[in-house]
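Here the structure comes first, spelled out in structure tokens, and everything after it is commentary.
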Amino acid sequence: MIKRIIADIGIVLSILYAPWWMTVSAGVFFAFYFSNYYELIAAGALVDILYGNNSTSLIHIPFVFSIGSIIFYFSIQFLKTKMRMYNS
Amino acid sequence: MNYRQNNIKRNILVGIFALMVLVSVSYFWGGTIYYGISAAAHYVSEPLWKAGSRVSNTASSYAGFLDSKETLKERNDELEQEIQELRLKLLSKNFLLQENKELKAMLGRVSERDVVLAAVLSKPNNSPYDTLIIDIGKDKGVKEGDKVFVEGEIVIGTIQEVYAYSSKVELYSSPGLTHNATLREGTIPATAYGKGVGNFEITLPRDIEIALGDVVTIPDTEVIVLGSVLYIGKDPNSPFQKILVKSPINFSELRWVEVVVSSFENTN
């Protein structure tokens, strides 16, 4: 529980101070490390809320990080079911 | 069915529901709700960003102690030479600027602007959206659409959203944005496409002569510099040439910007 809280604080700090790709890397790592890491979706939404640009984005659609974090979350959940280290 | 399969199904259903909610809310009330949540998030984050900037500036000032004396001396000599070269360029530039202002005054076209200095709280590399966060907002009279400059001449973007004590700046180089630009002192019109973090791309017919370092500007009553030509790509099979333009601003080290909170033109 303590580890998860520290991870959540780390994610928020990376959103505020670190490059965005570092936030993505940390989020993906924590999503694999912890079970049901819903905070990944909240982190994606926070990036869009703080920095979001309605008119432009990396791939010309809004809320890229919110949508991307939802897709990432469920993809990772699916991958975990296929990985031996999570099924032993 | 075992517990794991039920869990997966539940998660998928939750995910689909979340996506549907997100799309519906965005479509019907997206603007208002987004602004409200964004304003609250900025209100909470603004003091954290300021604290982070202070820590970063303090750490930078102490980092110099780690450099050797020889390195510092070399760097000092390079900087002094650069300052001398820039001083000479500035002399001729100031003369031309004054002459330009006088000519415009003779023609009755004098533009004046109120400028507010703002500290950069969050740089473009923090954000995947090529946006800046600055530390002034409604408290300093900032409005959506106000232009943001660096060094008084290099325009980098416009105010996109204004909060109580901070604002979000959309850089001109944001991917997807296009601008009417000119090269060669306004003789060659072009469309500049934003590529992110101060980079633009222009496509011109290959028979138009462009040189590295040519300045790209936005037509206005004042000179607004977008950047300079960094690369010219000519494909023998294509009738066009691809020109990459880079802003002279180093956004990763940008600390201060100027916001034009109001500007008007006297036409007599």
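Following the order of the structure tokens, chains are lettered A, B, ..., residues in each are numbered from 1, and ligands are numbered from 1.
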Pull the closest atom pair for each residue of chain A that gets at most 8 Å from chain B, along with the distance in Å to one decimal, counting only C-alpha atoms, ordering rows by chain and then ascending residue number, as a Markdown table.
```
| residue | atom | partner | partner_atom | distance |
| --- | --- | --- | --- | --- |
| A:Ile15 | CA | B:Asn126 | CA | 7.2 |
| A:Leu16 | CA | B:Trp49 | CA | 6.9 |
| A:Tyr17 | CA | B:Asn126 | CA | 6.7 |
| A:Ala18 | CA | B:Asn126 | CA | 5.8 |
| A:Pro19 | CA | B:Asn126 | CA | 4.1 |
| A:Trp20 | CA | B:Asn126 | CA | 5.0 |
| A:Val47 | CA | B:Ser127 | CA | 7.5 |
| A:Ile49 | CA | B:Ser38 | CA | 5.0 |
| A:Leu50 | CA | B:Ser38 | CA | 6.1 |
| A:Tyr51 | CA | B:Ser127 | CA | 6.0 |
| A:Gly52 | CA | B:Tyr129 | CA | 6.2 |
| A:Asn53 | CA | B:Tyr129 | CA | 6.0 |
| A:Thr56 | CA | B:Gly176 | CA | 5.6 |
| A:Ser57 | CA | B:Tyr129 | CA | 5.1 |
| A:Leu58 | CA | B:Pro175 | CA | 6.4 |
| A:His60 | CA | B:Gly176 | CA | 6.6 |
| A:Ile67 | CA | B:Leu19 | CA | 7.5 |
| A:Ile70 | CA | B:Gly15 | CA | 6.9 |
| A:Phe74 | CA | B:Ile12 | CA | 7.1 |
| A:Gln77 | CA | B:Ile8 | CA | 7.7 |
| A:Phe78 | CA | B:Ile8 | CA | 7.6 |
```
Residues of the last selection are to be written out with C-alpha atoms, as a PDB file, in the first residue's frame.
```pdb
ATOM      1  CA  ILE A  15       3.674  14.957 -14.711  1.00  0.00           C
ATOM      2  CA  LEU A  16       4.564  18.301 -13.159  1.00  0.00           C
ATOM      3  CA  TYR A  17       8.331  18.309 -13.618  1.00  0.00           C
ATOM      4  CA  ALA A  18       9.567  15.558 -15.928  1.00  0.00           C
ATOM      5  CA  PRO A  19       9.338  15.141 -19.707  1.00  0.00           C
ATOM      6  CA  TRP A  20       6.106  13.476 -20.822  1.00  0.00           C
ATOM      7  CA  VAL A  47      -1.820  15.359 -18.366  1.00  0.00           C
ATOM      8  CA  ILE A  49      -6.200  18.642 -18.050  1.00  0.00           C
ATOM      9  CA  LEU A  50      -2.934  20.432 -17.288  1.00  0.00           C
ATOM     10  CA  TYR A  51      -1.361  20.614 -20.719  1.00  0.00           C
ATOM     11  CA  GLY A  52      -4.112  19.670 -23.129  1.00  0.00           C
ATOM     12  CA  ASN A  53      -4.552  21.507 -26.332  1.00  0.00           C
ATOM     13  CA  THR A  56      -3.781  20.249 -31.795  1.00  0.00           C
ATOM     14  CA  SER A  57      -2.048  17.233 -30.443  1.00  0.00           C
ATOM     15  CA  LEU A  58       0.523  14.686 -31.411  1.00  0.00           C
ATOM     16  CA  HIS A  60      -4.461  15.482 -34.288  1.00  0.00           C
ATOM     17  CA  ILE A  67      -7.698   7.805 -24.365  1.00  0.00           C
ATOM     18  CA  ILE A  70      -7.289   3.711 -21.042  1.00  0.00           C
ATOM     19  CA  PHE A  74      -6.461  -2.652 -20.678  1.00  0.00           C
ATOM     20  CA  GLN A  77      -4.151  -6.097 -18.114  1.00  0.00           C
ATOM     21  CA  PHE A  78      -4.544  -8.407 -21.087  1.00  0.00           C
TER      22      PHE A  78
END
```
(request) Report as a VMD selection string: the residues of chain A with a DSSP assignment of helix (DSSP H, G or I), based on the backbone of this structure. (result) chain A and resid 2 to 17 20 to 33 39 to 51 64 to 82 84 to 87
(request) Just give me the gap between CA of Ser238 in chain B and CA of Asp207 in chain B in Å, one decimal is fine. (result)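 Value for the CA of Ser238 in chain B-CA of Asp207 in chain B distance: 11.1 Å.
When the distance limit is 10 Å and only C-alpha atoms are what count, the residues near Gly10 in chain A, minus those fewer than 6 positions from it on the same chain, are Arg4, Leu16, Thr23, Ala26 and Gly27 of chain A.
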(request) Enter the distance from CA of Asn57 in chain B to CA of Gly44 in chain A, in Å, rounded to one decimal. (result) 28.1 Å
(request) Please provide the set of residues having any atom within 12 Å of Ser25 in chain A, restricted to only C-alpha atoms, with same-chain residues fewer than 3 positions apart removed, written as a ChimeraX atom specification. (result) /A:10-11,14-15,18-22,28-32,40,69,72
(request) Just give me the gap between CA of Leu230 in chain B and CA of Ile159 in chain B in Å, one decimal is fine. (result)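 Interatomic distance here is 26.8 Å.
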Show which residues sit within 9 Å of Leu254 in chain B, as a PDB file with C-alpha atoms, in the first residue's frame. Count only C-alpha atoms, and ignore same-chain residues fewer than 2 positions away.
```pdb
ATOM      1  CA  ALA B 119       7.873  33.278 -15.862  1.00  0.00           C
ATOM      2  CA  VAL B 120       7.653  29.911 -17.590  1.00  0.00           C
ATOM      3  CA  LYS B 123       8.229  23.953 -20.700  1.00  0.00           C
ATOM      4  CA  VAL B 150      10.631  36.158 -26.342  1.00  0.00           C
ATOM      5  CA  ILE B 249      14.618  30.039 -29.021  1.00  0.00           C
ATOM      6  CA  ASN B 250      15.956  27.179 -26.921  1.00  0.00           C
ATOM      7  CA  PHE B 251      12.688  26.099 -25.346  1.00  0.00           C
ATOM      8  CA  SER B 252      14.309  23.703 -22.901  1.00  0.00           C
ATOM      9  CA  TRP B 256      10.833  34.240 -19.254  1.00  0.00           C
ATOM     10  CA  VAL B 257       8.370  35.337 -21.900  1.00  0.00           C
TER      11      VAL B 257
END
```
(message) Please identify the strand (DSSP E or B) residues within range 123-202 of chain B (assignment by DSSP from backbone atoms) and present them as an NGL selection string.
(response) :B and (131-134 or 147-150 or 154-162 or 167-171 or 178-183 or 188-196 or 199-202)
